[in-house]
Amino acid sequence: MRKTNFHTHTARCMHANGKDEEYVLAAIEAGYEELGFSDHTPWKYDSDFVAHMRMRLDQFDEYYNSIKKLKEKYKNDIKILIGLECEYYPKYMKWLESFVKEYKLDYIILGNHYYDTDEKRIYYGRYCNDDSYVKKYIDGAIEGMKTGLYSYLAHPDLFMRGKIEFDDFAKEESYRLCKVAKELNIPLEYNLAGAQYNEELGIEQYPHREFWKIAAEVGNKAIIGVDAHDPTALKTDYYRNQAIERLKNLKIEIVDSIDCTKINEK
C-alpha cells in the first residue's frame with residue numbers, strides 16, 4: 001500500500017498552522033508518495049456572512065498558485081495535487097461546480113460540517129445529540145455523494161462528535177449512509193485528526209468503532225486521511241499505523257488513491 005494523504009489544510013483556514021512548503025517537506029521526510037492539499041473551500045455567499053473556519057474567496061488565487069509552484073518545485077520528490085474540502089450546500093452547488101472547473105482542480109472531498117450552509121451556524125459536531133440533526137447530517141452526506149463531484153467522504157462519522165452514544169438511531173442512519181457509499185463506490189475516510197482527539201480527550205467520538213463495524217459489514221472501502229492542520233501531523237505514523245491495524249482487523253479494503261476525474265466528468 002502506498003503512503004498517501006489527500007486531506008491537508010493550510011493556515012488560510014484560520015485553525016491550522018505552518019507554511020504550505022512545510023507540509024510538503026514534512027510529507028517528503030515521512031515517505032509520502034502523494035500529497036493532496038484540500039483546505040476548506042471558500043464560498044461565494046449571497047449574504048454578508050464571514051466564515052471563521054475557511055479561507056476567504058479573495059485568498060483562493062494565492063492558495064492555488066502557492067500549491068501549483070510547490071507541485072512543480074518538488075515534482076521529482078512527491079506528487080502534489082490541488083484540491084479543496086467542500087460541504088454540500090444545495091443553493092451554492094452550481095457556483096461550486098463552475099468554480100472547480102474554472103481552476104481545473106484535481107479533486108474535491110466532501111466534508112459535511114454544517115446544516116444547509118454555515119451561514120446558519122448549525123455545526124453538526126455540536127447539534128447531533130438531537131436525532132433530527134443526525135438525520136440531516138446523513139441526508140446531506142448522501143445528497144452530496146450523489147452529485148458525483150466528490151472523490152470521497154471525509155470523516156463520515158463526524159456526527160458522533162455531537163451525539164452522546166451510538167444508539168439504535170445512530171446505527172440505523174450509519175447503515176443508510178454506508179449502503180449509499182457502497183452503491184456509489186465512494187470511499188469513506190478514517191480520519192486521523194479525529195483519532196487523535198479521541199485519544200487526547202479519552203472518549204470515543206470519531207472515528208467510532210461501531211460505525212466502522214457497520215462499514216465493514218456493508219463492504220465499504222476506506223481511505224486514511226491525516227486531516228493535517230500542522231506539518232507535524234504528517235511526521236508521525238502512530239495514528240496511521242493504528243488505523244491500518246484496525247481496518248485490517250475489520251477486513252475493510254484500504255485504498256491509497258482517489259478518482260481525479262469526477263469533477264471534470266460533470
# chains A, B, ... in the order shown; residues from 1 in each chain; ligands from 1
call {"tool": "closest_atom_pairs", "arguments": {"of": "region 184-232 of chain A", "to": "region 24-46 of chain A", "cutoff": "10 Å", "atoms": "only C-alpha atoms", "output": "CSV"}}
result
residue,atom,partner,partner_atom,distance
A:Asp227,CA,A:Ser38,CA,8.9
A:Ala228,CA,A:Phe37,CA,9.4
A:His229,CA,A:Asp39,CA,9.3
A:Asp230,CA,A:Ala26,CA,9.7
A:Pro231,CA,A:Ala26,CA,5.9
A:Thr232,CA,A:Ala26,CA,6.9
call {"tool": "residues_around", "arguments": {"residues": "region 60-68 of chain A", "least_positions_apart": "3", "cutoff": "12 Å", "atoms": "only C-alpha atoms", "output": "PyMOL selection string"}}
result
chain A and resi 8-13+19-24+35-44+54-57+71-75+79-84+99-100+102-106
call {"tool": "atom_distance", "arguments": {"atom1": "CA of Tyr115 (chain A)", "atom2": "CA of Ser257 (chain A)"}}
result
28.9 Å
call {"tool": "select_by_dssp", "arguments": {"residues": "region 55-258 of chain A", "states": "strand (DSSP E or B)", "output": "PyMOL selection string"}}
result
chain A and resi 79-86+107-110+114+123+153+188-191+222-225+228+254-255
call {"tool": "closest_residue", "arguments": {"among": "A:Met145, A:Ile203, A:Met93, A:Met53", "to": "His113 (chain A)", "atoms": "only C-alpha atoms"}}
result
A:Met53
call {"tool": "select_by_dssp", "arguments": {"residues": "region 8-243 of chain A", "states": "helix (DSSP H, G or I)", "output": "ChimeraX atom specification"}}
result
/A:11-13,20-29,57-73,90-102,118-120,124-127,131-146,158-161,168-184,192-201,209-218,231-234,238-243
call {"tool": "atom_distance", "arguments": {"atom1": "CA of Glu210 (chain A)", "atom2": "CA of Ile186 (chain A)"}}
result
19.6 Å
call {"tool": "atom_distance", "arguments": {"atom1": "CA of Tyr150 (chain A)", "atom2": "CA of Glu199 (chain A)"}}
result
29.1 Å
call {"tool": "closest_residue", "arguments": {"among": "A:Leu188, A:Ile258, A:Cys128, A:Val180", "to": "Trp212 (chain A)", "atoms": "only C-alpha atoms"}}
result
A:Leu188
call {"tool": "closest_residue", "arguments": {"among": "A:Leu153, A:Val218, A:Ala170, A:Ile142", "to": "Glu189 (chain A)", "atoms": "only C-alpha atoms"}}
result
A:Leu153
call {"tool": "residues_around", "arguments": {"residues": "Arg209 (chain A)", "least_positions_apart": "6", "cutoff": "12 Å", "atoms": "only C-alpha atoms", "output": "number ranges by chain"}}
result
A: 157, 160, 165-166, 171, 174, 190, 195, 198, 203, 215-216, 243, 246-247, 249-250
call {"tool": "residues_around", "arguments": {"residues": "Ile164 (chain A)", "least_positions_apart": "4", "cutoff": "10 Å", "atoms": "only C-alpha atoms", "output": "ChimeraX atom specification"}}
result
/A:128-130,159-160,204-205
